[in-house]
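Structure data (compact mmCIF, C-alpha atoms and all ligand atoms) from run_11.txt:
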```txt
# COMPACT_ATOMS: atom_id res chain seq x y z
CA MET A 1 29.91 24.22 -22.94
CA SER A 2 31.62 25.87 -19.99
CA ASP A 3 33.11 22.85 -18.15
CA ASN A 4 36.76 22.14 -18.71
CA ILE A 5 37.48 18.64 -19.88
CA GLN A 6 39.22 16.63 -17.17
CA SER A 7 41.32 13.50 -17.38
CA ILE A 8 39.64 10.11 -16.94
CA ARG A 9 39.11 8.99 -13.33
CA GLY A 10 42.00 6.83 -12.19
CA MET A 11 44.25 8.00 -15.04
CA HIS A 12 46.79 10.61 -14.04
CA ASP A 13 49.08 13.29 -15.39
CA PHE A 14 52.58 13.37 -13.96
CA ALA A 15 53.84 16.85 -13.04
CA PRO A 16 57.44 17.83 -13.90
CA GLN A 17 58.66 17.34 -10.33
CA ASP A 18 57.19 13.82 -10.36
CA THR A 19 58.59 12.84 -13.74
CA ALA A 20 62.07 13.81 -12.56
CA THR A 21 62.03 11.31 -9.68
CA LEU A 22 60.10 8.79 -11.78
CA ARG A 23 62.70 8.88 -14.52
CA LEU A 24 65.50 8.53 -12.00
CA LEU A 25 63.71 5.58 -10.43
CA GLU A 26 63.24 3.93 -13.81
CA SER A 27 66.84 4.49 -14.87
CA LYS A 28 68.13 2.94 -11.65
CA LEU A 29 65.89 -0.10 -12.14
CA ILE A 30 66.94 -0.45 -15.77
CA ALA A 31 70.62 -0.25 -14.78
CA VAL A 32 70.14 -3.26 -12.48
CA LEU A 33 68.46 -5.17 -15.34
CA GLY A 34 71.55 -4.43 -17.43
CA GLN A 35 73.78 -5.84 -14.68
CA TYR A 36 71.84 -9.10 -14.80
CA GLY A 37 71.91 -9.29 -18.62
CA TYR A 38 68.20 -8.79 -19.28
CA HIS A 39 66.94 -7.35 -22.59
CA GLU A 40 64.02 -5.04 -23.24
CA VAL A 41 61.04 -5.99 -25.39
CA ARG A 42 58.33 -3.53 -26.44
CA THR A 43 54.93 -4.79 -27.42
CA PRO A 44 51.79 -2.89 -28.47
CA ILE A 45 49.49 -1.39 -25.85
CA VAL A 46 46.47 -2.82 -27.67
CA GLU A 47 46.10 -6.55 -28.34
CA LYS A 48 43.33 -8.90 -29.37
CA LEU A 49 40.90 -9.38 -26.48
CA GLU A 50 41.21 -13.14 -26.89
CA LEU A 51 44.89 -13.04 -25.88
CA PHE A 52 44.06 -11.92 -22.35
CA LYS A 53 40.96 -14.09 -22.00
CA ARG A 54 42.96 -17.17 -22.88
CA SER A 55 46.04 -16.45 -20.80
CA ILE A 56 44.81 -14.67 -17.67
CA GLY A 57 41.73 -16.88 -17.34
CA ALA A 58 38.07 -16.14 -18.01
CA VAL A 59 37.04 -16.31 -14.35
CA THR A 60 39.41 -13.70 -12.91
CA ASP A 61 38.83 -10.13 -11.72
CA ILE A 62 40.84 -8.75 -14.62
CA VAL A 63 38.91 -10.51 -17.39
CA GLU A 64 35.49 -10.44 -15.75
CA LYS A 65 35.45 -6.86 -14.53
CA GLU A 66 38.54 -4.81 -15.21
CA MET A 67 39.44 -4.91 -18.86
CA TYR A 68 39.11 -1.99 -21.24
CA ALA A 69 37.77 -3.98 -24.17
CA PHE A 70 36.18 -2.54 -27.28
CA GLU A 71 35.14 -3.40 -30.79
CA ASP A 72 37.11 -1.39 -33.33
CA ARG A 73 35.67 0.01 -36.54
CA GLY A 74 36.60 -3.14 -38.42
CA GLY A 75 34.62 -5.29 -35.98
CA ASP A 76 37.66 -6.78 -34.19
CA TRP A 77 37.50 -7.16 -30.40
CA LEU A 78 40.55 -5.50 -28.85
CA ALA A 79 41.71 -4.64 -25.33
CA LEU A 80 44.10 -2.23 -23.66
CA ARG A 81 46.68 -4.52 -22.07
CA PRO A 82 45.95 -5.19 -18.37
CA GLU A 83 49.32 -6.88 -17.77
CA GLY A 84 52.50 -7.71 -19.64
CA THR A 85 53.09 -11.45 -19.50
CA ALA A 86 50.53 -12.37 -22.15
CA SER A 87 51.88 -9.86 -24.69
CA THR A 88 55.53 -10.78 -24.09
CA LEU A 89 54.71 -14.42 -24.52
CA ARG A 90 52.57 -13.77 -27.59
CA ALA A 91 55.48 -11.89 -29.17
CA GLY A 92 57.92 -14.63 -28.18
CA VAL A 93 55.83 -17.38 -29.76
CA GLN A 94 55.01 -15.29 -32.83
CA HIS A 95 58.64 -14.44 -33.60
CA GLY A 96 60.24 -17.71 -32.51
CA TRP A 97 62.19 -16.20 -29.61
CA LEU A 98 61.30 -18.96 -27.19
CA HIS A 99 61.67 -22.32 -28.88
CA ASN A 100 64.83 -24.10 -27.73
CA GLN A 101 66.19 -20.91 -26.26
CA GLN A 102 66.68 -19.26 -22.94
CA GLN A 103 65.51 -15.68 -22.72
CA ARG A 104 65.54 -12.96 -20.10
CA PHE A 105 63.26 -10.08 -21.03
CA TRP A 106 62.02 -6.91 -19.36
CA TYR A 107 59.44 -4.27 -20.28
CA LEU A 108 58.20 -1.01 -18.82
CA GLY A 109 55.06 0.88 -19.67
CA PRO A 110 51.41 1.69 -18.98
CA PHE A 111 48.76 -0.92 -18.21
CA PHE A 112 45.01 -0.54 -17.86
CA ARG A 113 42.46 -2.00 -15.49
CA ARG A 114 39.05 -0.56 -14.71
CA GLU A 115 39.36 -0.89 -10.93
CA ARG A 116 37.92 1.34 -8.21
CA PRO A 117 40.49 4.16 -8.08
CA GLN A 118 42.17 4.71 -4.69
CA LYS A 119 45.66 5.34 -3.41
CA GLY A 120 47.99 2.84 -5.08
CA ARG A 121 45.26 1.57 -7.39
CA TYR A 122 44.69 3.34 -10.68
CA ARG A 123 43.04 2.66 -14.01
CA GLN A 124 46.17 3.50 -15.92
CA PHE A 125 49.27 2.44 -14.00
CA HIS A 126 52.80 1.44 -14.88
CA GLN A 127 54.64 -1.80 -14.44
CA LEU A 128 58.19 -2.84 -14.91
CA GLY A 129 58.00 -6.53 -15.71
CA VAL A 130 60.52 -9.29 -16.17
CA GLU A 131 59.84 -12.57 -17.98
CA THR A 132 62.26 -15.47 -18.37
CA PHE A 133 61.84 -18.49 -20.64
CA GLY A 134 63.47 -21.88 -21.00
CA MET A 135 64.65 -22.38 -17.40
CA ALA A 136 62.76 -24.86 -15.23
CA GLY A 137 64.77 -25.03 -12.00
CA PRO A 138 64.57 -23.09 -8.75
CA ASP A 139 67.83 -21.34 -9.70
CA ILE A 140 66.01 -18.91 -12.00
CA ASP A 141 63.36 -18.33 -9.30
CA LEU A 142 66.22 -17.39 -6.99
CA GLU A 143 67.70 -15.11 -9.65
CA LEU A 144 64.38 -13.28 -10.02
CA ILE A 145 64.17 -12.71 -6.29
CA LEU A 146 67.79 -11.57 -6.13
CA LEU A 147 67.18 -9.25 -9.07
CA SER A 148 64.18 -7.65 -7.41
CA HIS A 149 66.09 -7.38 -4.13
CA ALA A 150 68.99 -5.67 -5.95
CA MET A 151 66.46 -3.21 -7.36
CA TRP A 152 65.22 -2.23 -3.89
CA GLN A 153 68.80 -1.55 -2.88
CA ALA A 154 69.54 0.42 -6.04
CA VAL A 155 66.62 2.79 -5.49
CA GLY A 156 67.33 3.26 -1.78
CA LEU A 157 64.20 1.52 -0.54
CA ASN A 158 64.22 0.80 3.18
CA THR A 159 63.99 -3.00 3.20
CA ASP A 160 63.09 -3.11 6.93
CA SER A 161 59.46 -2.44 6.11
CA LEU A 162 59.46 -4.91 3.24
CA ALA A 163 58.60 -8.60 3.46
CA LEU A 164 59.01 -11.31 0.87
CA GLN A 165 56.13 -13.76 0.94
CA ILE A 166 56.46 -16.96 -0.98
CA ASN A 167 54.38 -20.02 -1.76
CA THR A 168 54.16 -22.88 -4.19
CA LEU A 169 51.03 -23.70 -6.18
CA GLY A 170 52.29 -27.12 -7.25
CA ASP A 171 51.42 -28.69 -10.58
CA THR A 172 48.25 -29.79 -12.38
CA GLN A 173 47.63 -33.03 -10.48
CA ALA A 174 48.00 -31.49 -7.02
CA ARG A 175 45.85 -28.54 -8.01
CA ALA A 176 43.06 -30.86 -9.22
CA GLU A 177 43.03 -32.88 -6.00
CA HIS A 178 43.20 -29.82 -3.81
CA ARG A 179 40.46 -28.17 -5.84
CA GLN A 180 38.02 -30.97 -5.00
CA GLN A 181 38.75 -30.67 -1.29
CA LEU A 182 38.58 -26.89 -1.39
CA ILE A 183 35.19 -26.91 -3.14
CA SER A 184 33.87 -29.37 -0.61
CA TYR A 185 35.16 -27.29 2.34
CA LEU A 186 33.80 -24.03 0.96
CA SER A 187 30.47 -25.63 0.07
CA ASP A 188 30.06 -26.57 3.71
CA HIS A 189 30.31 -22.86 4.54
CA HIS A 190 28.31 -21.62 1.57
CA ASP A 191 26.41 -19.02 3.60
CA LYS A 192 29.63 -17.26 4.61
CA LEU A 193 30.79 -16.78 1.02
CA ASP A 194 30.14 -13.45 -0.68
CA GLU A 195 28.57 -13.19 -4.12
CA ASP A 196 31.93 -13.31 -5.94
CA ALA A 197 33.08 -16.35 -4.02
CA GLN A 198 29.78 -18.19 -4.52
CA ARG A 199 29.99 -17.59 -8.24
CA ARG A 200 33.59 -18.84 -8.35
CA LEU A 201 33.05 -21.85 -6.13
CA HIS A 202 32.84 -24.26 -9.04
CA THR A 203 34.62 -22.30 -11.77
CA ASN A 204 37.73 -21.02 -9.99
CA PRO A 205 37.78 -21.88 -6.28
CA LEU A 206 41.51 -21.15 -5.88
CA ARG A 207 40.74 -17.53 -6.68
CA ILE A 208 38.58 -17.33 -3.56
CA LEU A 209 41.79 -17.60 -1.53
CA ASP A 210 42.75 -14.21 -3.02
CA SER A 211 39.54 -12.58 -1.72
CA LYS A 212 39.94 -9.22 -0.01
CA ASN A 213 36.69 -9.72 1.97
CA PRO A 214 37.58 -10.12 5.70
CA GLU A 215 34.80 -12.62 6.35
CA VAL A 216 35.92 -14.80 3.46
CA GLN A 217 39.53 -14.44 4.58
CA GLN A 218 38.54 -15.72 8.01
CA LEU A 219 36.99 -18.78 6.40
CA ILE A 220 40.09 -19.38 4.29
CA LYS A 221 42.24 -19.73 7.39
CA ASN A 222 40.96 -23.28 7.92
CA ALA A 223 40.61 -24.27 4.28
CA PRO A 224 42.58 -27.27 2.95
CA LEU A 225 46.08 -26.20 1.94
CA LEU A 226 47.40 -26.83 -1.53
CA PHE A 227 50.76 -27.44 0.09
CA ASP A 228 49.50 -30.74 1.54
CA TYR A 229 48.76 -32.06 -1.95
CA LEU A 230 52.11 -31.33 -3.61
CA ASP A 231 54.00 -34.11 -5.36
CA THR A 232 57.64 -34.80 -4.52
CA GLU A 233 59.06 -32.87 -7.46
CA ALA A 234 57.16 -29.67 -6.70
CA LYS A 235 58.03 -30.01 -3.03
CA GLU A 236 61.72 -30.46 -3.83
CA HIS A 237 61.67 -27.47 -6.15
CA PHE A 238 60.23 -25.33 -3.37
CA GLU A 239 62.52 -26.65 -0.65
CA ARG A 240 65.59 -26.16 -2.84
CA LEU A 241 64.54 -22.56 -3.48
CA LEU A 242 64.03 -21.90 0.22
CA ALA A 243 67.44 -23.41 0.99
CA MET A 244 69.17 -21.23 -1.61
CA LEU A 245 67.38 -18.13 -0.34
CA ALA A 246 68.60 -18.89 3.15
CA GLN A 247 72.11 -19.35 1.80
CA VAL A 248 72.17 -15.90 0.17
CA GLY A 249 70.67 -14.40 3.32
CA ILE A 250 67.29 -13.31 1.98
CA GLN A 251 64.54 -13.63 4.56
CA VAL A 252 61.25 -15.10 3.38
CA GLN A 253 57.87 -15.83 4.89
CA HIS A 254 56.11 -18.92 3.63
CA ASN A 255 52.48 -17.89 3.22
CA PRO A 256 50.55 -21.07 2.31
CA THR A 257 47.45 -19.13 1.23
CA LEU A 258 49.31 -16.83 -1.17
CA VAL A 259 47.87 -17.19 -4.68
CA ARG A 260 47.99 -14.76 -7.61
CA GLY A 261 45.17 -12.87 -9.27
CA LEU A 262 45.86 -14.55 -12.60
CA ASP A 263 45.25 -18.17 -13.54
CA TYR A 264 48.50 -19.09 -15.23
CA TYR A 265 50.83 -19.48 -12.26
CA ASN A 266 52.20 -22.81 -10.99
CA ARG A 267 54.84 -23.80 -8.44
CA THR A 268 56.70 -20.74 -7.10
CA VAL A 269 54.73 -17.54 -6.48
CA PHE A 270 56.00 -14.59 -4.49
CA GLU A 271 55.15 -11.03 -3.48
CA TRP A 272 57.17 -8.21 -1.96
CA ILE A 273 54.86 -6.47 0.49
CA THR A 274 55.44 -3.22 2.37
CA THR A 275 53.66 -2.16 5.53
CA GLN A 276 53.86 1.48 4.44
CA LEU A 277 51.12 1.58 1.80
CA GLY A 278 48.13 0.16 3.67
CA ALA A 279 45.94 -2.23 1.73
CA GLN A 280 47.83 -1.61 -1.52
CA GLY A 281 51.05 -2.97 -0.04
CA THR A 282 52.21 -5.33 -2.78
CA ILE A 283 54.89 -3.58 -4.80
CA CYS A 284 56.08 -6.60 -6.76
CA ALA A 285 54.48 -9.92 -7.59
CA GLY A 286 55.52 -12.86 -9.67
CA GLY A 287 56.07 -16.55 -10.07
CA ARG A 288 56.35 -19.45 -12.48
CA TYR A 289 53.98 -20.13 -15.36
CA ASP A 290 55.35 -23.28 -16.94
CA SER A 291 52.29 -24.32 -18.93
CA LEU A 292 51.31 -20.94 -20.38
CA VAL A 293 53.53 -21.01 -23.48
CA GLY A 294 52.08 -24.39 -24.46
CA GLN A 295 48.58 -23.21 -23.69
CA MET A 296 49.10 -20.20 -25.96
CA GLY A 297 50.13 -22.32 -28.93
CA GLY A 298 53.90 -22.43 -28.49
CA ARG A 299 55.97 -25.50 -27.63
CA ASP A 300 56.12 -26.25 -23.91
CA THR A 301 58.63 -23.85 -22.38
CA PRO A 302 59.19 -23.31 -18.67
CA ALA A 303 58.81 -19.67 -17.68
CA ALA A 304 58.92 -17.34 -14.69
CA GLY A 305 58.67 -13.62 -14.11
CA PHE A 306 57.51 -10.76 -11.92
CA ALA A 307 56.06 -7.28 -12.23
CA ILE A 308 56.69 -4.17 -10.14
CA GLY A 309 53.98 -1.57 -9.62
CA ILE A 310 55.90 1.58 -10.47
CA GLU A 311 53.49 4.06 -8.80
CA ARG A 312 53.61 2.17 -5.52
CA LEU A 313 57.39 1.86 -5.56
CA HIS A 314 57.71 5.51 -6.57
CA SER A 315 55.60 6.69 -3.65
CA LEU A 316 57.96 4.84 -1.29
CA VAL A 317 61.18 6.35 -2.61
CA GLU A 318 60.29 9.69 -4.20
CA GLN A 319 61.51 11.72 -1.23
CA VAL A 320 64.91 10.07 -1.28
CA LEU A 321 65.15 10.42 -5.05
CA ALA A 322 64.11 14.09 -4.99
CA THR A 323 67.48 14.92 -3.46
CA GLN A 324 69.25 13.22 -6.37
CA THR A 325 67.48 14.59 -9.44
CA PRO A 326 69.68 16.60 -11.78
CA GLN A 327 69.59 20.34 -11.19
CA LEU A 328 70.20 23.30 -13.43
CA ASP A 329 73.89 24.22 -13.25
CA GLY A 330 73.73 27.66 -14.78
CA TYR A 331 71.08 30.26 -15.59
CA VAL A 332 72.39 32.85 -18.06
CA VAL A 333 71.10 36.34 -17.27
CA VAL A 334 71.12 38.50 -20.42
CA LEU A 335 70.98 42.28 -20.21
CA GLY A 336 70.35 44.06 -23.53
CA ASP A 337 70.26 43.18 -27.23
CA VAL A 338 74.02 43.19 -27.82
CA ALA A 339 74.47 40.83 -24.92
CA THR A 340 72.00 38.35 -26.43
CA GLU A 341 74.23 37.28 -29.32
CA TYR A 342 77.24 37.09 -27.05
CA ALA A 343 75.28 35.05 -24.49
CA VAL A 344 74.10 32.59 -27.12
CA ALA A 345 77.73 31.99 -28.09
CA VAL A 346 78.76 31.55 -24.43
CA CYS A 347 75.94 29.02 -23.87
CA GLN A 348 76.94 27.03 -26.93
CA GLN A 349 80.57 27.03 -25.85
CA ILE A 350 79.67 25.69 -22.40
CA ARG A 351 77.27 23.09 -23.78
CA SER A 352 79.77 21.71 -26.26
CA SER A 353 82.76 21.62 -23.92
CA CYS A 354 80.83 20.49 -20.80
CA PRO A 355 77.99 18.31 -22.11
CA HIS A 356 77.11 17.05 -18.61
CA LEU A 357 76.12 20.53 -17.42
CA ALA A 358 72.57 21.87 -17.69
CA ILE A 359 72.57 25.48 -18.85
CA GLN A 360 69.51 27.63 -19.48
CA MET A 361 69.56 31.06 -21.11
CA ASN A 362 67.04 33.70 -20.14
CA CYS A 363 64.60 34.33 -23.00
CA GLY A 364 62.02 37.10 -23.20
CA GLY A 365 64.09 39.89 -21.67
CA GLY A 366 63.38 41.40 -18.26
CA SER A 367 65.22 43.45 -15.66
CA ILE A 368 68.18 41.98 -13.81
CA LYS A 369 65.95 41.59 -10.78
CA SER A 370 63.28 39.59 -12.59
CA GLN A 371 65.87 37.45 -14.37
CA MET A 372 67.60 36.63 -11.08
CA LYS A 373 64.19 35.68 -9.70
CA ARG A 374 63.74 33.25 -12.61
CA ALA A 375 67.19 31.80 -11.93
CA ASP A 376 66.15 31.18 -8.31
CA ARG A 377 62.85 29.66 -9.32
CA ALA A 378 64.66 27.34 -11.73
CA GLN A 379 66.80 26.31 -8.73
CA ALA A 380 69.97 27.02 -10.68
CA ARG A 381 73.29 26.54 -8.93
CA LEU A 382 74.87 29.57 -10.61
CA ALA A 383 73.75 32.73 -12.36
CA ILE A 384 75.97 33.62 -15.30
CA ILE A 385 75.44 37.34 -15.86
CA ILE A 386 76.12 38.99 -19.21
CA GLY A 387 75.61 42.77 -19.78
CA ASP A 388 77.25 45.45 -21.95
CA ASP A 389 80.26 45.58 -19.67
CA GLU A 390 80.88 41.84 -19.94
CA VAL A 391 80.48 41.95 -23.74
CA ASN A 392 83.00 44.76 -24.11
CA LYS A 393 85.60 43.05 -21.94
CA ARG A 394 84.80 39.52 -23.27
CA GLN A 395 84.03 38.43 -19.71
CA VAL A 396 81.18 36.94 -17.67
CA THR A 397 80.09 37.46 -14.07
CA ILE A 398 79.34 34.30 -12.07
CA LYS A 399 77.22 34.42 -8.95
CA HIS A 400 76.55 31.44 -6.65
CA LEU A 401 72.85 31.13 -5.86
CA GLN A 402 72.96 28.31 -3.34
CA ALA A 403 76.22 29.09 -1.52
CA ASP A 404 77.52 32.15 0.25
CA THR A 405 80.53 32.64 -2.04
CA PRO A 406 81.59 36.00 -3.48
CA GLN A 407 80.75 36.50 -7.16
CA ILE A 408 83.58 36.30 -9.66
CA VAL A 409 84.33 37.93 -12.98
CA CYS A 410 86.28 35.86 -15.46
CA ASP A 411 87.33 35.82 -19.11
CA VAL A 412 84.95 34.01 -21.39
CA GLU A 413 87.66 31.44 -22.23
CA GLN A 414 87.86 30.50 -18.55
CA VAL A 415 84.13 30.22 -17.91
CA THR A 416 83.96 26.40 -18.06
CA GLU A 417 86.71 26.11 -15.42
CA HIS A 418 84.55 28.04 -12.97
CA LEU A 419 81.42 25.94 -13.55
P1 LIG B 1 46.43 -6.47 -6.25
O1 LIG B 1 46.31 -7.70 -5.44
O2 LIG B 1 47.03 -5.30 -5.50
O3 LIG B 1 45.19 -6.12 -7.01
P2 LIG B 1 47.36 -7.80 -8.60
O4 LIG B 1 47.52 -9.20 -8.16
O5 LIG B 1 46.15 -7.45 -9.36
O6 LIG B 1 47.52 -6.81 -7.35
P3 LIG B 1 49.51 -7.98 -10.52
O7 LIG B 1 48.63 -8.21 -11.66
O8 LIG B 1 50.29 -9.09 -9.99
O9 LIG B 1 48.66 -7.29 -9.34
O10 LIG B 1 50.46 -6.72 -10.83
C1 LIG B 1 51.77 -6.58 -10.26
C2 LIG B 1 51.88 -5.29 -9.48
O11 LIG B 1 51.39 -4.19 -10.23
C3 LIG B 1 51.07 -5.24 -8.20
O12 LIG B 1 51.75 -5.87 -7.17
C4 LIG B 1 50.95 -3.75 -7.97
O13 LIG B 1 52.14 -3.24 -7.39
C5 LIG B 1 50.82 -3.22 -9.38
N1 LIG B 1 49.41 -2.99 -9.71
C6 LIG B 1 48.47 -3.88 -10.07
N2 LIG B 1 47.29 -3.30 -10.32
C7 LIG B 1 47.49 -1.96 -10.12
C8 LIG B 1 46.66 -0.80 -10.20
N3 LIG B 1 45.38 -0.88 -10.58
N4 LIG B 1 47.20 0.41 -9.92
C9 LIG B 1 48.50 0.51 -9.54
N5 LIG B 1 49.33 -0.54 -9.44
C10 LIG B 1 48.83 -1.77 -9.72
MG MG B 2 44.31 -6.61 -8.85
```

Kindly return the structure encoded in the file as C-alpha cells.
Amino acid sequence: MSDNIQSIRGMHDFAPQDTATLRLLESKLIAVLGQYGYHEVRTPIVEKLELFKRSIGAVTDIVEKEMYAFEDRGGDWLALRPEGTASTLRAGVQHGWLHNQQQRFWYLGPFFRRERPQKGRYRQFHQLGVETFGMAGPDIDLELILLSHAMWQAVGLNTDSLALQINTLGDTQARAEHRQQLISYLSDHHDKLDEDAQRRLHTNPLRILDSKNPEVQQLIKNAPLLFDYLDTEAKEHFERLLAMLAQVGIQVQHNPTLVRGLDYYNRTVFEWITTQLGAQGTICAGGRYDSLVGQMGGRDTPAAGFAIGIERLHSLVEQVLATQTPQLDGYVVVLGDVATEYAVAVCQQIRSSCPHLAIQMNCGGGSIKSQMKRADRAQARLAIIIGDDEVNKRQVTIKHLQADTPQIVCDVEQVTEHL
C-alpha cells in the first residue's frame, strides 16, 4: 500500500496558526458568557440515535440524510451528535436540572453532519451553543440576542455586514391552521416543487420554506404566511420583543419566511447573517423550543437558545485576531555544554518570576547563526544569548529581534527587569 491515509472529506485538521486564533476567539466568547452568568455543560459526542430522531424530527435534512448513525458491537443504534440542543436537554431531564428551575447553559465542541462539503459547510464542524430553560417571556429572547451581539463586539466582528433576521413561528394551533393552507397552496403548484419538497408536502410542509432551491424559493414568496395565523399571545410576545430590541438599539429585519432546519422551534426564531460568506452566511441561529422538554419526557419547561458556527465566525475574524495572539517573548540561545546548565537555570528563574512571559530555550545545539534563525522563525521578541563569557560573568546578552534597539548585557539577577 503506497497511498498515504488522508483525513475524511469534510473533516479538517487545524494548523498551529489556526488554533492560536481559534483559541483566542473561543476564550473571548467564553468570557462574554461568564459576564452574563452562563454555565458550561459537557455531554457525550455519541448519543442514542433515537434522541435525535425524536427531538430534531424524522422528516428533516439532518435526520433523513445527514446523520452519522451506526450500530455498535452490542447492537445499539448510536449517532454522532449533529447538534447540541437535544443532548443538553437530555442531560437536563436525566439529572433533574430543569424541573422548577431556571438554567442558563453553554457548550462548545464538535458536531457531525454528512453534508456536501464546501466553504463554511463541513462534516465535522464546531458550535458554541447556549440553551436556557424555565423562562417563557420575550425578555430571555432579548437577552439571547444581546448576548450574541456582545459576542460579535468582543471578537471584533464588523457588525456593518451583519444582519439580524427574526420571525415568529407561533404555537401549535396557528401552525396547524397555517399548515393546511400551506399544503393547499403548494399542492396547487405541485409541478414546481422539487423532489424533496414533493416528499415533504404532507409530512413537513413548513420545512419547504427552508428550501435552498431558487425555483422553490420563488414559489414560497406568495405562500400563506404563518404570521397571519398567530394568536394574540404569540403576537404580543413577538411585538414586545421587537419593541425591546428597538429600545436597546438593535436593528432587526422581520423575515416572515424564516424557519429553522429543525422541527422543535416555536415562537421566536432568529439568525445572524453576514453578506461576507456567500451562501453559507448564517453564523448564528436560534429560537424558542417551549414544547421540546415535555416531548422528550420531562415536565413542560419553556426554553430558548442559539448556536454559533465557529468555523464561519472564525473565518470572519481570524485576520483581526492574528494580530492579538500571544507571541514568544524570549528565545534562549545556548552556546556550548557549560552554558546549557546555566541557561536552564536562567529559564526557570524567568518562568517562575514572570509567569506571563513565554520563554523557549534552544534545544539540539547549533551555531549562533542557526539558533538566531530559529529565534526569528519562532517570531520571538527577544533573543537571550548565553555563551561561555556570559556564564563566567553570571550575565546574559539580550538582543531585540523586532525593534532596532542596541543589544544589552546585564547581570542574571536583572534579567527579568529587561524582559
Ligand atoms: P444551514 O441553513 O446553513 O444549513 P442549519 O440550519 O443547518 O444551517 P443550525 O443547525 O441552526 O444550522 O446550526 C447553527 C449554526 O451552525 C449555523 O448557523 C452554522 O453557522 C453552523 N453550521 C451548521 N451546519 C454546519 C456545517 N455543516 N458546517 C459548518 N457550520 C455549520
Ligand atoms: Mg443545515

Quiz item: From the set A:Leu80, A:Ile45, A:Val155, A:Ala174, which residue has the shortest atom-to-atom contact distance to A:Ile62, counting all atoms listed in the file?
Solution: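 Once distances to A:Ile62 are computed over all atoms listed in the file, the minimum belongs to A:Leu80.
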
Quiz prompt | Counting only C-alpha atoms, the option among A:His254, A:His314, A:Lys393, A:Arg175 closest to A:Tyr229 | solution = A:Arg175

Quiz item: Taking all atoms listed in the file into account, which of A:Glu177, A:Asp194, A:Asp139, A:Asp210 comes nearest ligand MG 2 (chain B)?
Solution: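 Closest residue, counting all atoms listed in the file: A:Asp210.
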
Exercise. Around the point (43.8, -31.0, -8.6), in the coordinates given by the file, pick out the residues reaching within 12 Å, counting all atoms listed in the file, and return them as JSON, numbers by chain.
Key: {"A": [169, 170, 171, 172, 173, 174, 175, 176, 177, 178, 179, 180, 181, 182, 183, 204, 205, 206, 225, 226, 227, 228, 229, 230, 231, 266]}

Interface rows for chain A against ligand LIG 1 (chain B): nearest pair, Å to one decimal, 10 Å, only C-alpha atoms and all ligand atoms, as a tab-separated table:
```
residue	atom	partner	partner_atom	distance
A:Gly10	CA	B:LIG1	N4	8.6
A:Met11	CA	B:LIG1	N4	9.6
A:Ile56	CA	B:LIG1	O7	9.6
A:Thr60	CA	B:LIG1	O5	9.9
A:Asp61	CA	B:LIG1	O5	8.1
A:Ile62	CA	B:LIG1	O5	7.6
A:Glu66	CA	B:LIG1	N3	9.1
A:Pro82	CA	B:LIG1	O7	7.8
A:Glu83	CA	B:LIG1	O7	6.3
A:Gly84	CA	B:LIG1	O7	8.9
A:Thr85	CA	B:LIG1	O7	9.6
A:Pro110	CA	B:LIG1	C9	9.9
A:Phe111	CA	B:LIG1	C7	8.3
A:Phe112	CA	B:LIG1	N3	7.3
A:Arg113	CA	B:LIG1	N3	5.8
A:Arg114	CA	B:LIG1	N3	7.6
A:Glu115	CA	B:LIG1	N3	6.0
A:Arg116	CA	B:LIG1	N3	8.1
A:Pro117	CA	B:LIG1	N3	7.5
A:Gln118	CA	B:LIG1	N4	8.4
A:Lys119	CA	B:LIG1	C9	8.3
A:Gly120	CA	B:LIG1	C9	5.1
A:Arg121	CA	B:LIG1	N4	3.4
A:Tyr122	CA	B:LIG1	N4	3.9
A:Arg123	CA	B:LIG1	N3	5.5
A:Gln124	CA	B:LIG1	N4	6.8
A:Phe125	CA	B:LIG1	C9	4.9
A:His126	CA	B:LIG1	N5	6.7
A:Gln127	CA	B:LIG1	O11	5.8
A:Leu128	CA	B:LIG1	O11	8.4
A:Gly129	CA	B:LIG1	C1	8.3
A:Asp210	CA	B:LIG1	O1	7.8
A:Ser211	CA	B:LIG1	O1	9.1
A:Lys212	CA	B:LIG1	O1	8.5
A:Val259	CA	B:LIG1	O4	8.7
A:Arg260	CA	B:LIG1	O4	5.6
A:Gly261	CA	B:LIG1	O4	4.5
A:Leu262	CA	B:LIG1	O7	7.0
A:Phe270	CA	B:LIG1	O8	9.6
A:Glu271	CA	B:LIG1	O12	7.2
A:Trp272	CA	B:LIG1	O12	7.9
A:Ile273	CA	B:LIG1	O12	8.3
A:Ala279	CA	B:LIG1	O2	7.9
A:Gln280	CA	B:LIG1	O2	5.5
A:Gly281	CA	B:LIG1	O2	7.2
A:Thr282	CA	B:LIG1	O12	4.4
A:Ile283	CA	B:LIG1	O13	3.8
A:Cys284	CA	B:LIG1	O12	4.4
A:Ala285	CA	B:LIG1	O8	4.9
A:Gly286	CA	B:LIG1	O8	6.5
A:Gly287	CA	B:LIG1	O8	9.4
A:Phe306	CA	B:LIG1	C1	7.3
A:Ala307	CA	B:LIG1	C1	4.8
A:Ile308	CA	B:LIG1	C2	5.0
A:Gly309	CA	B:LIG1	O13	3.3
A:Ile310	CA	B:LIG1	O13	6.8
A:Glu311	CA	B:LIG1	C9	6.2
A:Arg312	CA	B:LIG1	O13	5.9
A:Leu313	CA	B:LIG1	O13	7.5
```

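Residues surrounding stretch 20-32 of chain A within 9 Å are Tyr38, Trp106, Leu108, Leu128, Leu147, Ser148, Ala150, Met151, Trp152, Ala154, Val155, Ile310, Glu311, Leu313, His314, Val317, Glu318, Gln319, Val320, Leu321, Ala322, Gln324, Thr325 and Pro326 of chain A [only C-alpha atoms; sequence separation below 6 positions excluded].
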
Quiz item: With all atoms listed in the file as the atoms that count, which of A:Ile145, A:Leu335, A:Val412, A:Leu316 lies nearest to A:Ser161?
Solution: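 Of A:Ile145, A:Leu335, A:Val412, A:Leu316, the one nearest A:Ser161, counting all atoms listed in the file, is A:Leu316.
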
Practice problem: Have a look at A:Val46, A:Val63, A:Val344, A:Ile5 and name the one nearest to ligand MG 2 (chain B); count only C-alpha atoms and all ligand atoms. | Solution: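 Between A:Val46, A:Val63, A:Val344, A:Ile5, the residue approaching ligand MG 2 (chain B) most closely is A:Val63.
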
Quiz item: Any idea what the distance is between atom CA of A:Ile408 and atom CA of A:Gln395?
Solution: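 Separation of atom CA of A:Ile408 and atom CA of A:Gln395: 10.3 Å.
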
Quiz item: Out of A:Asp329, A:Glu195, A:Asp411, A:Glu47, which residue has the shortest atom-to-atom distance to A:Val346 when counting all atoms listed in the file?
Solution: A:Asp411
